$ cat my_file-v7.cif   # mmCIF, N, CA, C and O atoms
data_query
#
loop_
_atom_site.label_atom_id
_atom_site.label_comp_id
_atom_site.auth_asym_id
_atom_site.auth_seq_id
_atom_site.Cartn_x
_atom_site.Cartn_y
_atom_site.Cartn_z
N SER A 157 92.53 50.60 49.65
CA SER A 157 92.37 52.03 49.79
C SER A 157 93.15 52.48 51.02
O SER A 157 93.22 51.78 52.01
N PRO A 158 93.70 53.71 50.99
CA PRO A 158 94.49 54.20 52.12
C PRO A 158 93.59 54.46 53.34
O PRO A 158 92.43 54.78 53.18
N PRO A 159 94.18 54.31 54.53
CA PRO A 159 93.37 54.56 55.72
C PRO A 159 92.97 56.03 55.80
O PRO A 159 93.65 56.90 55.28
N ALA A 160 91.86 56.26 56.44
CA ALA A 160 91.36 57.64 56.56
C ALA A 160 92.34 58.46 57.40
O ALA A 160 92.85 57.99 58.40
N ALA A 161 92.60 59.65 56.94
CA ALA A 161 93.54 60.53 57.65
C ALA A 161 92.89 61.04 58.93
O ALA A 161 91.76 61.51 58.91
N ARG A 162 93.62 60.88 60.02
CA ARG A 162 93.11 61.38 61.30
C ARG A 162 93.65 62.79 61.51
O ARG A 162 94.80 63.08 61.14
N PRO A 163 92.86 63.64 62.08
CA PRO A 163 93.38 65.00 62.34
C PRO A 163 94.52 64.91 63.35
O PRO A 163 94.50 64.11 64.27
N ALA A 164 95.50 65.74 63.12
CA ALA A 164 96.65 65.77 64.02
C ALA A 164 96.21 66.25 65.40
O ALA A 164 95.37 67.13 65.53
N ALA A 165 96.77 65.64 66.40
CA ALA A 165 96.42 66.03 67.76
C ALA A 165 96.95 67.44 68.03
O ALA A 165 98.06 67.78 67.65
N ALA A 166 96.13 68.20 68.63
CA ALA A 166 96.53 69.58 68.95
C ALA A 166 97.62 69.54 70.01
O ALA A 166 97.65 68.66 70.88
N ALA A 167 98.52 70.47 69.91
CA ALA A 167 99.58 70.56 70.91
C ALA A 167 98.96 70.86 72.27
O ALA A 167 98.01 71.64 72.36
N PRO A 168 99.46 70.22 73.30
CA PRO A 168 98.86 70.48 74.61
C PRO A 168 99.08 71.94 75.03
O PRO A 168 100.14 72.49 74.82
N ARG A 169 98.04 72.51 75.58
CA ARG A 169 98.12 73.90 76.01
C ARG A 169 98.76 73.97 77.39
O ARG A 169 98.43 73.20 78.27
N ARG A 170 99.68 74.89 77.51
CA ARG A 170 100.30 75.10 78.82
C ARG A 170 99.36 75.95 79.64
O ARG A 170 98.75 76.89 79.16
N LYS A 171 99.29 75.61 80.89
CA LYS A 171 98.46 76.40 81.79
C LYS A 171 99.31 77.48 82.42
O LYS A 171 100.47 77.27 82.73
N GLY A 172 98.72 78.63 82.61
CA GLY A 172 99.44 79.72 83.25
C GLY A 172 100.12 80.63 82.24
O GLY A 172 99.96 80.51 81.03
N LEU A 173 100.91 81.52 82.77
CA LEU A 173 101.60 82.52 81.96
C LEU A 173 102.97 82.03 81.55
O LEU A 173 103.57 81.20 82.23
N ASP A 174 103.47 82.58 80.46
CA ASP A 174 104.85 82.26 80.11
C ASP A 174 105.78 83.00 81.08
O ASP A 174 105.35 83.90 81.80
N PRO A 175 107.04 82.62 81.15
CA PRO A 175 107.93 83.19 82.16
C PRO A 175 108.07 84.71 82.11
O PRO A 175 108.15 85.37 83.15
N VAL A 176 108.10 85.28 80.91
CA VAL A 176 108.24 86.74 80.79
C VAL A 176 107.02 87.44 81.38
O VAL A 176 107.13 88.38 82.16
N ARG A 177 105.87 86.95 81.02
CA ARG A 177 104.64 87.57 81.53
C ARG A 177 104.50 87.36 83.03
O ARG A 177 103.98 88.22 83.74
N ARG A 178 104.97 86.23 83.52
CA ARG A 178 104.92 85.97 84.96
C ARG A 178 105.80 86.98 85.71
O ARG A 178 105.40 87.52 86.75
N VAL A 179 106.98 87.25 85.18
CA VAL A 179 107.88 88.23 85.81
C VAL A 179 107.24 89.61 85.75
O VAL A 179 107.26 90.35 86.74
N LEU A 180 106.69 89.97 84.61
CA LEU A 180 106.06 91.29 84.48
C LEU A 180 104.86 91.44 85.41
O LEU A 180 104.64 92.50 86.00
N ALA A 181 104.08 90.39 85.54
CA ALA A 181 102.92 90.44 86.44
C ALA A 181 103.39 90.60 87.88
O ALA A 181 102.83 91.41 88.64
N GLY A 182 104.41 89.87 88.25
CA GLY A 182 104.95 90.01 89.60
C GLY A 182 105.52 91.39 89.85
O GLY A 182 105.38 91.96 90.94
N TYR A 183 106.18 91.94 88.83
CA TYR A 183 106.76 93.28 88.92
C TYR A 183 105.67 94.31 89.15
O TYR A 183 105.77 95.18 90.02
N LEU A 184 104.59 94.21 88.39
CA LEU A 184 103.49 95.17 88.53
C LEU A 184 102.78 95.01 89.87
O LEU A 184 102.46 96.00 90.54
N ILE A 185 102.56 93.78 90.29
CA ILE A 185 101.91 93.54 91.58
C ILE A 185 102.78 94.08 92.71
O ILE A 185 102.29 94.72 93.65
N ALA A 186 104.07 93.83 92.64
CA ALA A 186 104.98 94.32 93.68
C ALA A 186 104.98 95.84 93.71
O ALA A 186 105.01 96.45 94.80
N ALA A 187 104.94 96.49 92.55
CA ALA A 187 104.91 97.95 92.50
C ALA A 187 103.63 98.50 93.12
O ALA A 187 103.66 99.50 93.84
N VAL A 188 102.51 97.85 92.88
CA VAL A 188 101.24 98.29 93.48
C VAL A 188 101.28 98.11 95.00
O VAL A 188 100.83 98.98 95.75
N VAL A 189 101.83 96.99 95.45
CA VAL A 189 101.94 96.76 96.89
C VAL A 189 102.83 97.83 97.54
O VAL A 189 102.51 98.35 98.61
N VAL A 190 103.94 98.16 96.89
CA VAL A 190 104.81 99.22 97.41
C VAL A 190 104.06 100.55 97.45
O VAL A 190 104.19 101.32 98.40
N GLY A 191 103.25 100.80 96.45
CA GLY A 191 102.45 102.03 96.43
C GLY A 191 101.47 102.09 97.60
O GLY A 191 101.36 103.13 98.27
N VAL A 192 100.79 101.01 97.85
CA VAL A 192 99.84 100.97 98.97
C VAL A 192 100.57 101.12 100.30
O VAL A 192 100.15 101.89 101.17
N LEU A 193 101.69 100.43 100.44
CA LEU A 193 102.45 100.51 101.68
C LEU A 193 103.06 101.91 101.87
O LEU A 193 103.19 102.38 103.01
N THR A 194 103.41 102.56 100.78
CA THR A 194 103.92 103.93 100.87
C THR A 194 102.85 104.86 101.42
O THR A 194 103.10 105.65 102.33
N LEU A 195 101.65 104.75 100.86
CA LEU A 195 100.56 105.59 101.34
C LEU A 195 100.22 105.30 102.79
O LEU A 195 100.00 106.22 103.59
N LEU A 196 100.17 104.02 103.15
CA LEU A 196 99.88 103.66 104.54
C LEU A 196 100.99 104.14 105.47
O LEU A 196 100.71 104.62 106.58
N GLY A 197 102.23 104.00 105.05
CA GLY A 197 103.34 104.44 105.88
C GLY A 197 103.33 105.94 106.11
O GLY A 197 103.56 106.41 107.23
N ILE A 198 103.04 106.68 105.06
CA ILE A 198 102.98 108.14 105.20
C ILE A 198 101.83 108.53 106.13
O ILE A 198 101.97 109.41 106.97
N ALA A 199 100.70 107.85 105.98
CA ALA A 199 99.54 108.20 106.79
C ALA A 199 99.66 107.74 108.24
O ALA A 199 99.20 108.43 109.15
N LEU A 200 100.28 106.60 108.48
CA LEU A 200 100.26 106.01 109.82
C LEU A 200 101.50 106.28 110.66
O LEU A 200 101.43 106.26 111.88
N LEU A 201 102.65 106.47 110.01
CA LEU A 201 103.86 106.71 110.78
C LEU A 201 103.96 108.20 111.10
O LEU A 201 104.17 109.03 110.22
N GLY A 202 103.81 108.49 112.34
CA GLY A 202 103.87 109.88 112.75
C GLY A 202 105.25 110.24 113.25
O GLY A 202 106.21 109.49 113.12
N GLY A 203 105.31 111.38 113.83
CA GLY A 203 106.57 111.83 114.39
C GLY A 203 107.45 112.48 113.35
O GLY A 203 107.11 112.57 112.17
N SER A 204 108.58 112.92 113.79
CA SER A 204 109.48 113.62 112.87
C SER A 204 110.29 112.65 112.01
O SER A 204 110.79 113.03 110.96
N LEU A 205 110.45 111.41 112.46
CA LEU A 205 111.24 110.46 111.69
C LEU A 205 110.41 109.57 110.76
O LEU A 205 110.97 108.89 109.91
N GLY A 206 109.10 109.56 110.95
CA GLY A 206 108.23 108.69 110.15
C GLY A 206 108.42 108.81 108.64
O GLY A 206 108.63 107.81 107.96
N PRO A 207 108.36 110.02 108.09
CA PRO A 207 108.52 110.17 106.64
C PRO A 207 109.90 109.71 106.14
O PRO A 207 110.02 109.20 105.02
N PHE A 208 110.91 109.87 106.97
CA PHE A 208 112.25 109.46 106.55
C PHE A 208 112.41 107.94 106.58
O PHE A 208 113.11 107.36 105.75
N VAL A 209 111.72 107.30 107.51
CA VAL A 209 111.71 105.83 107.55
C VAL A 209 111.00 105.30 106.31
O VAL A 209 111.47 104.35 105.66
N VAL A 210 109.88 105.92 105.97
CA VAL A 210 109.15 105.51 104.77
C VAL A 210 110.00 105.74 103.53
O VAL A 210 110.08 104.87 102.65
N LEU A 211 110.66 106.88 103.45
CA LEU A 211 111.52 107.18 102.30
C LEU A 211 112.62 106.15 102.16
O LEU A 211 112.86 105.62 101.07
N ALA A 212 113.30 105.84 103.25
CA ALA A 212 114.40 104.87 103.19
C ALA A 212 113.88 103.49 102.78
O ALA A 212 114.48 102.81 101.93
N ALA A 213 112.76 103.09 103.35
CA ALA A 213 112.20 101.77 103.01
C ALA A 213 111.78 101.71 101.55
O ALA A 213 112.04 100.72 100.87
N VAL A 214 111.13 102.75 101.08
CA VAL A 214 110.65 102.76 99.69
C VAL A 214 111.81 102.75 98.71
O VAL A 214 111.79 102.02 97.71
N VAL A 215 112.84 103.52 98.97
CA VAL A 215 113.99 103.56 98.07
C VAL A 215 114.66 102.18 98.00
O VAL A 215 114.98 101.69 96.91
N VAL A 216 114.85 101.56 99.15
CA VAL A 216 115.50 100.24 99.16
C VAL A 216 114.64 99.20 98.47
O VAL A 216 115.11 98.45 97.60
N VAL A 217 113.37 99.13 98.83
CA VAL A 217 112.49 98.10 98.26
C VAL A 217 112.28 98.33 96.77
O VAL A 217 112.31 97.39 95.97
N ALA A 218 112.07 99.57 96.36
CA ALA A 218 111.88 99.87 94.93
C ALA A 218 113.13 99.50 94.14
O ALA A 218 113.04 98.95 93.03
N GLY A 219 114.29 99.80 94.69
CA GLY A 219 115.53 99.43 94.01
C GLY A 219 115.69 97.93 93.87
O GLY A 219 116.10 97.43 92.81
N LEU A 220 115.38 97.20 94.92
CA LEU A 220 115.49 95.74 94.87
C LEU A 220 114.51 95.13 93.87
O LEU A 220 114.86 94.23 93.10
N ILE A 221 113.28 95.62 93.89
CA ILE A 221 112.28 95.10 92.95
C ILE A 221 112.67 95.40 91.52
O ILE A 221 112.59 94.54 90.64
N SER A 222 113.08 96.63 91.27
CA SER A 222 113.47 97.02 89.92
C SER A 222 114.68 96.23 89.43
O SER A 222 114.71 95.76 88.29
N ARG A 223 115.67 96.06 90.28
CA ARG A 223 116.87 95.31 89.91
C ARG A 223 116.55 93.84 89.62
O ARG A 223 117.04 93.26 88.66
N ALA A 224 115.69 93.24 90.45
CA ALA A 224 115.33 91.84 90.25
C ALA A 224 114.56 91.64 88.96
O ALA A 224 114.83 90.70 88.19
N ALA A 225 113.62 92.55 88.68
CA ALA A 225 112.83 92.42 87.45
C ALA A 225 113.71 92.66 86.22
O ALA A 225 113.59 91.94 85.22
N THR A 226 114.59 93.62 86.30
CA THR A 226 115.49 93.90 85.17
C THR A 226 116.41 92.72 84.90
O THR A 226 116.65 92.36 83.74
N ALA A 227 116.91 92.10 85.95
CA ALA A 227 117.80 90.95 85.77
C ALA A 227 117.05 89.77 85.17
O ALA A 227 117.59 89.06 84.30
N ARG A 228 115.83 89.55 85.59
CA ARG A 228 115.06 88.42 85.05
C ARG A 228 114.60 88.65 83.62
O ARG A 228 114.39 87.71 82.88
N LEU A 229 114.43 89.91 83.25
CA LEU A 229 113.97 90.22 81.89
C LEU A 229 115.12 90.45 80.91
O LEU A 229 114.87 90.68 79.74
N ALA A 230 116.35 90.40 81.39
CA ALA A 230 117.50 90.63 80.52
C ALA A 230 117.54 89.58 79.42
O ALA A 230 117.45 88.39 79.67
N GLY A 231 117.63 90.04 78.21
CA GLY A 231 117.72 89.14 77.07
C GLY A 231 116.39 88.63 76.57
O GLY A 231 116.34 87.96 75.54
N ALA A 232 115.30 88.92 77.25
CA ALA A 232 113.98 88.46 76.81
C ALA A 232 113.46 89.40 75.72
O ALA A 232 113.69 90.61 75.75
N SER A 233 112.79 88.82 74.75
CA SER A 233 112.18 89.65 73.71
C SER A 233 110.79 90.05 74.20
O SER A 233 109.94 89.21 74.43
N LEU A 234 110.61 91.34 74.38
CA LEU A 234 109.36 91.86 74.92
C LEU A 234 108.48 92.41 73.81
O LEU A 234 108.96 93.09 72.90
N THR A 235 107.20 92.12 73.90
CA THR A 235 106.25 92.70 72.96
C THR A 235 105.94 94.12 73.41
O THR A 235 106.37 94.56 74.48
N ASP A 236 105.19 94.84 72.60
CA ASP A 236 104.81 96.20 72.97
C ASP A 236 103.98 96.21 74.25
O ASP A 236 104.15 97.08 75.10
N GLU A 237 103.08 95.23 74.39
CA GLU A 237 102.27 95.14 75.60
C GLU A 237 103.15 94.87 76.82
O GLU A 237 102.91 95.41 77.90
N ASP A 238 104.16 94.03 76.66
CA ASP A 238 105.08 93.74 77.75
C ASP A 238 105.83 95.00 78.18
O ASP A 238 106.02 95.25 79.37
N ARG A 239 106.24 95.79 77.21
CA ARG A 239 106.95 97.02 77.52
C ARG A 239 106.04 98.03 78.23
O ARG A 239 106.50 98.78 79.10
N VAL A 240 104.77 98.04 77.88
CA VAL A 240 103.82 98.93 78.56
C VAL A 240 103.70 98.53 80.03
O VAL A 240 103.74 99.38 80.92
N VAL A 241 103.57 97.24 80.29
CA VAL A 241 103.46 96.76 81.68
C VAL A 241 104.75 97.07 82.43
O VAL A 241 104.72 97.50 83.59
N GLN A 242 105.90 96.87 81.80
CA GLN A 242 107.18 97.16 82.43
C GLN A 242 107.28 98.66 82.76
O GLN A 242 107.73 99.04 83.85
N THR A 243 106.85 99.50 81.85
CA THR A 243 106.89 100.94 82.07
C THR A 243 105.92 101.36 83.18
O THR A 243 106.24 102.22 84.01
N MET A 244 104.75 100.74 83.22
CA MET A 244 103.78 101.06 84.28
C MET A 244 104.34 100.69 85.65
O MET A 244 104.21 101.46 86.60
N ALA A 245 104.95 99.52 85.76
CA ALA A 245 105.50 99.09 87.04
C ALA A 245 106.65 100.00 87.47
O ALA A 245 106.73 100.43 88.62
N GLY A 246 107.54 100.31 86.54
CA GLY A 246 108.65 101.21 86.85
C GLY A 246 108.17 102.59 87.22
O GLY A 246 108.69 103.22 88.15
N GLY A 247 107.16 103.08 86.51
CA GLY A 247 106.59 104.39 86.82
C GLY A 247 105.93 104.42 88.17
O GLY A 247 106.04 105.42 88.90
N MET A 248 105.28 103.33 88.54
CA MET A 248 104.66 103.25 89.86
C MET A 248 105.72 103.34 90.96
O MET A 248 105.54 104.04 91.96
N LEU A 249 106.85 102.67 90.75
CA LEU A 249 107.93 102.73 91.74
C LEU A 249 108.53 104.14 91.83
O LEU A 249 108.84 104.62 92.92
N VAL A 250 108.66 104.80 90.69
CA VAL A 250 109.17 106.18 90.69
C VAL A 250 108.20 107.10 91.43
O VAL A 250 108.62 107.95 92.23
N ILE A 251 106.92 106.92 91.20
CA ILE A 251 105.92 107.73 91.89
C ILE A 251 105.99 107.50 93.40
O ILE A 251 105.87 108.44 94.19
N CYS A 252 106.21 106.26 93.81
CA CYS A 252 106.33 105.96 95.24
C CYS A 252 107.52 106.68 95.85
O CYS A 252 107.43 107.24 96.95
N VAL A 253 108.64 106.66 95.16
CA VAL A 253 109.84 107.34 95.67
C VAL A 253 109.61 108.84 95.74
O VAL A 253 109.95 109.49 96.73
N VAL A 254 109.03 109.42 94.70
CA VAL A 254 108.77 110.87 94.69
C VAL A 254 107.77 111.25 95.78
O VAL A 254 107.95 112.27 96.47
N LEU A 255 106.75 110.44 95.96
CA LEU A 255 105.76 110.74 97.00
C LEU A 255 106.38 110.67 98.39
O LEU A 255 106.15 111.55 99.23
N SER A 256 107.18 109.65 98.64
CA SER A 256 107.81 109.55 99.96
C SER A 256 108.86 110.65 100.16
O SER A 256 109.03 111.16 101.27
N LEU A 257 109.55 111.02 99.09
CA LEU A 257 110.51 112.12 99.18
C LEU A 257 109.81 113.44 99.48
O LEU A 257 110.26 114.22 100.32
N SER A 258 108.70 113.68 98.81
CA SER A 258 107.98 114.93 99.07
C SER A 258 107.41 114.94 100.49
O SER A 258 107.37 116.00 101.13
N SER A 259 107.02 113.79 100.99
CA SER A 259 106.54 113.71 102.37
C SER A 259 107.66 114.04 103.35
O SER A 259 107.46 114.75 104.34
N ALA A 260 108.87 113.53 103.07
CA ALA A 260 110.01 113.83 103.94
C ALA A 260 110.39 115.31 103.88
O ALA A 260 110.72 115.91 104.91
N VAL A 261 110.34 115.89 102.70
CA VAL A 261 110.67 117.33 102.56
C VAL A 261 109.63 118.16 103.30
O VAL A 261 109.98 119.13 103.98
N LEU A 262 108.37 117.80 103.18
CA LEU A 262 107.32 118.53 103.90
C LEU A 262 107.50 118.39 105.42
O LEU A 262 107.19 119.31 106.17
N ALA A 263 107.98 117.25 105.86
CA ALA A 263 108.22 117.06 107.30
C ALA A 263 109.34 117.99 107.77
O ALA A 263 109.32 118.45 108.92
N LEU A 264 110.29 118.26 106.92
CA LEU A 264 111.36 119.20 107.28
C LEU A 264 110.85 120.63 107.35
O LEU A 264 111.26 121.41 108.19
N ILE A 265 109.97 120.98 106.43
CA ILE A 265 109.47 122.35 106.35
C ILE A 265 108.49 122.66 107.47
O ILE A 265 108.55 123.71 108.08
N VAL A 266 107.60 121.71 107.72
CA VAL A 266 106.53 121.97 108.71
C VAL A 266 106.96 121.69 110.09
O VAL A 266 107.66 121.17 110.67
#
$ encode --input "my_file-v7.cif" --output "structure tokens"
Amino acid sequence: SPPAARPAAAAPRRKGLDPVRRVLAGYLIAAVVVGVLTLLGIALLGGSLGPFVVLAAVVVVAGLISRAATARLAGASLTDEDRVVQTMAGGMLVICVVLSLSSAVLALIV
């Protein structure tokens, strides 16, 4: 009689996130950190140059983060959920730039 069939061993599960999700998670975390630092910079940096320093820093950092994430995600097939996370992170960076820009404009007016 043939030997009893053994169930096939399950494929080993990888721990952690796949590379695309890891990049997206880092992108979103970095955008949130920039948002917090933008608010802290606007609140804590006084003087007439404070808002402009925050604006310059936010524009540079947001550009670097966005460029790095875009380069790492180039050619990757993104699911709808991945695109939502990418849009949220990009939107957060845009909000940071607009907020720091409005702070700088208000510093000019007041």
$ residues_around --input "my_file-v7.cif" --residues "Ser256 (chain A)" --least-positions-apart "2" --cutoff "7 Å" --atoms "only N, CA, C and O atoms" --output "compact mmCIF listing (two decimals) with N, CA, C and O atoms, keeping the file's coordinate frame"
# COMPACT_ATOMS: atom_id res chain seq x y z
N THR A 194 103.41 102.56 100.78
CA THR A 194 103.92 103.93 100.87
C THR A 194 102.85 104.86 101.42
O THR A 194 103.10 105.65 102.33
N PRO A 207 108.36 110.02 108.09
CA PRO A 207 108.52 110.17 106.64
C PRO A 207 109.90 109.71 106.14
O PRO A 207 110.02 109.20 105.02
N PHE A 208 110.91 109.87 106.97
CA PHE A 208 112.25 109.46 106.55
C PHE A 208 112.41 107.94 106.58
O PHE A 208 113.11 107.36 105.75
N VAL A 210 109.88 105.92 105.97
CA VAL A 210 109.15 105.51 104.77
C VAL A 210 110.00 105.74 103.53
O VAL A 210 110.08 104.87 102.65
N LEU A 211 110.66 106.88 103.45
CA LEU A 211 111.52 107.18 102.30
C LEU A 211 112.62 106.15 102.16
O LEU A 211 112.86 105.62 101.07
N VAL A 250 108.66 104.80 90.69
CA VAL A 250 109.17 106.18 90.69
C VAL A 250 108.20 107.10 91.43
O VAL A 250 108.62 107.95 92.23
N ILE A 251 106.92 106.92 91.20
CA ILE A 251 105.92 107.73 91.89
C ILE A 251 105.99 107.50 93.40
O ILE A 251 105.87 108.44 94.19
N CYS A 252 106.21 106.26 93.81
CA CYS A 252 106.33 105.96 95.24
C CYS A 252 107.52 106.68 95.85
O CYS A 252 107.43 107.24 96.95
N VAL A 253 108.64 106.66 95.16
CA VAL A 253 109.84 107.34 95.67
C VAL A 253 109.61 108.84 95.74
O VAL A 253 109.95 109.49 96.73
N VAL A 254 109.03 109.42 94.70
CA VAL A 254 108.77 110.87 94.69
C VAL A 254 107.77 111.25 95.78
O VAL A 254 107.95 112.27 96.47
N SER A 258 108.70 113.68 98.81
CA SER A 258 107.98 114.93 99.07
C SER A 258 107.41 114.94 100.49
O SER A 258 107.37 116.00 101.13
N SER A 259 107.02 113.79 100.99
CA SER A 259 106.54 113.71 102.37
C SER A 259 107.66 114.04 103.35
O SER A 259 107.46 114.75 104.34
N ALA A 260 108.87 113.53 103.07
CA ALA A 260 110.01 113.83 103.94
C ALA A 260 110.39 115.31 103.88
O ALA A 260 110.72 115.91 104.91
N VAL A 261 110.34 115.89 102.70
CA VAL A 261 110.67 117.33 102.56
C VAL A 261 109.63 118.16 103.30
O VAL A 261 109.98 119.13 103.98
N LEU A 262 108.37 117.80 103.18
CA LEU A 262 107.32 118.53 103.90
C LEU A 262 107.50 118.39 105.42
O LEU A 262 107.19 119.31 106.17
$ select_by_dssp --input "my_file-v7.cif" --residues "chain A" --states "alpha helix (DSSP H)" --output "PyMOL selection string"
chain A and resi 175-200+206-229+236-265
$ atom_distance --input "my_file-v7.cif" --atom1 "CA of Val240 (chain A)" --atom2 "atom N of Leu173 (chain A)"
18.1 Å
$ closest_residue --input "my_file-v7.cif" --among "A:Val266, A:Ala181, A:Ala186, A:Val176" --to "Met248 (chain A)" --atoms "only N, CA, C and O atoms"
A:Ala186
$ atom_distance --input "my_file-v7.cif" --atom1 "atom N of Val216 (chain A)" --atom2 "atom N of Gln242 (chain A)"
20.1 Å
$ atom_distance --input "my_file-v7.cif" --atom1 "atom O of Leu205 (chain A)" --atom2 "atom N of Leu255 (chain A)"
14.7 Å
$ residues_around --input "my_file-v7.cif" --residues "Ala245 (chain A)" --least-positions-apart "2" --cutoff "12 Å" --atoms "only C-alpha atoms" --output "CSV table (one decimal) with N, CA, C and O atoms, keeping the file's coordinate frame"
chain,number,residue,atom,x,y,z
A,179,VAL,N,107.0,87.2,85.2
A,179,VAL,CA,107.9,88.2,85.8
A,179,VAL,C,107.2,89.6,85.8
A,179,VAL,O,107.3,90.4,86.7
A,180,LEU,N,106.7,90.0,84.6
A,180,LEU,CA,106.1,91.3,84.5
A,180,LEU,C,104.9,91.4,85.4
A,180,LEU,O,104.6,92.5,86.0
A,181,ALA,N,104.1,90.4,85.5
A,181,ALA,CA,102.9,90.4,86.4
A,181,ALA,C,103.4,90.6,87.9
A,181,ALA,O,102.8,91.4,88.6
A,182,GLY,N,104.4,89.9,88.2
A,182,GLY,CA,105.0,90.0,89.6
A,182,GLY,C,105.5,91.4,89.8
A,182,GLY,O,105.4,92.0,90.9
A,183,TYR,N,106.2,91.9,88.8
A,183,TYR,CA,106.8,93.3,88.9
A,183,TYR,C,105.7,94.3,89.2
A,183,TYR,O,105.8,95.2,90.0
A,184,LEU,N,104.6,94.2,88.4
A,184,LEU,CA,103.5,95.2,88.5
A,184,LEU,C,102.8,95.0,89.9
A,184,LEU,O,102.5,96.0,90.5
A,185,ILE,N,102.6,93.8,90.3
A,185,ILE,CA,101.9,93.5,91.6
A,185,ILE,C,102.8,94.1,92.7
A,185,ILE,O,102.3,94.7,93.6
A,186,ALA,N,104.1,93.8,92.6
A,186,ALA,CA,105.0,94.3,93.7
A,186,ALA,C,105.0,95.8,93.7
A,186,ALA,O,105.0,96.4,94.8
A,187,ALA,N,104.9,96.5,92.6
A,187,ALA,CA,104.9,98.0,92.5
A,187,ALA,C,103.6,98.5,93.1
A,187,ALA,O,103.7,99.5,93.8
A,188,VAL,N,102.5,97.8,92.9
A,188,VAL,CA,101.2,98.3,93.5
A,188,VAL,C,101.3,98.1,95.0
A,188,VAL,O,100.8,99.0,95.8
A,189,VAL,N,101.8,97.0,95.4
A,189,VAL,CA,101.9,96.8,96.9
A,189,VAL,C,102.8,97.8,97.5
A,189,VAL,O,102.5,98.4,98.6
A,190,VAL,N,103.9,98.2,96.9
A,190,VAL,CA,104.8,99.2,97.4
A,190,VAL,C,104.1,100.6,97.4
A,190,VAL,O,104.2,101.3,98.4
A,191,GLY,N,103.2,100.8,96.4
A,191,GLY,CA,102.4,102.0,96.4
A,191,GLY,C,101.5,102.1,97.6
A,191,GLY,O,101.4,103.1,98.3
A,218,ALA,N,112.1,99.6,96.4
A,218,ALA,CA,111.9,99.9,94.9
A,218,ALA,C,113.1,99.5,94.1
A,218,ALA,O,113.0,99.0,93.0
A,221,ILE,N,113.3,95.6,93.9
A,221,ILE,CA,112.3,95.1,93.0
A,221,ILE,C,112.7,95.4,91.5
A,221,ILE,O,112.6,94.5,90.6
A,222,SER,N,113.1,96.6,91.3
A,222,SER,CA,113.5,97.0,89.9
A,222,SER,C,114.7,96.2,89.4
A,222,SER,O,114.7,95.8,88.3
A,225,ALA,N,113.6,92.6,88.7
A,225,ALA,CA,112.8,92.4,87.4
A,225,ALA,C,113.7,92.7,86.2
A,225,ALA,O,113.6,91.9,85.2
A,226,THR,N,114.6,93.6,86.3
A,226,THR,CA,115.5,93.9,85.2
A,226,THR,C,116.4,92.7,84.9
A,226,THR,O,116.6,92.4,83.7
A,238,ASP,N,104.2,94.0,76.7
A,238,ASP,CA,105.1,93.7,77.8
A,238,ASP,C,105.8,95.0,78.2
A,238,ASP,O,106.0,95.2,79.4
A,239,ARG,N,106.2,95.8,77.2
A,239,ARG,CA,107.0,97.0,77.5
A,239,ARG,C,106.0,98.0,78.2
A,239,ARG,O,106.5,98.8,79.1
A,240,VAL,N,104.8,98.0,77.9
A,240,VAL,CA,103.8,98.9,78.6
A,240,VAL,C,103.7,98.5,80.0
A,240,VAL,O,103.7,99.4,80.9
A,241,VAL,N,103.6,97.2,80.3
A,241,VAL,CA,103.5,96.8,81.7
A,241,VAL,C,104.8,97.1,82.4
A,241,VAL,O,104.7,97.5,83.6
A,242,GLN,N,105.9,96.9,81.8
A,242,GLN,CA,107.2,97.2,82.4
A,242,GLN,C,107.3,98.7,82.8
A,242,GLN,O,107.7,99.0,83.8
A,243,THR,N,106.8,99.5,81.8
A,243,THR,CA,106.9,100.9,82.1
A,243,THR,C,105.9,101.4,83.2
A,243,THR,O,106.2,102.2,84.0
A,247,GLY,N,107.2,103.1,86.5
A,247,GLY,CA,106.6,104.4,86.8
A,247,GLY,C,105.9,104.4,88.2
A,247,GLY,O,106.0,105.4,88.9
A,248,MET,N,105.3,103.3,88.5
A,248,MET,CA,104.7,103.2,89.9
A,248,MET,C,105.7,103.3,91.0
A,248,MET,O,105.5,104.0,92.0
A,249,LEU,N,106.8,102.7,90.8
A,249,LEU,CA,107.9,102.7,91.7
A,249,LEU,C,108.5,104.1,91.8
A,249,LEU,O,108.8,104.6,92.9
A,250,VAL,N,108.7,104.8,90.7
A,250,VAL,CA,109.2,106.2,90.7
A,250,VAL,C,108.2,107.1,91.4
A,250,VAL,O,108.6,108.0,92.2
A,251,ILE,N,106.9,106.9,91.2
A,251,ILE,CA,105.9,107.7,91.9
A,251,ILE,C,106.0,107.5,93.4
A,251,ILE,O,105.9,108.4,94.2
A,252,CYS,N,106.2,106.3,93.8
A,252,CYS,CA,106.3,106.0,95.2
A,252,CYS,C,107.5,106.7,95.8
A,252,CYS,O,107.4,107.2,97.0
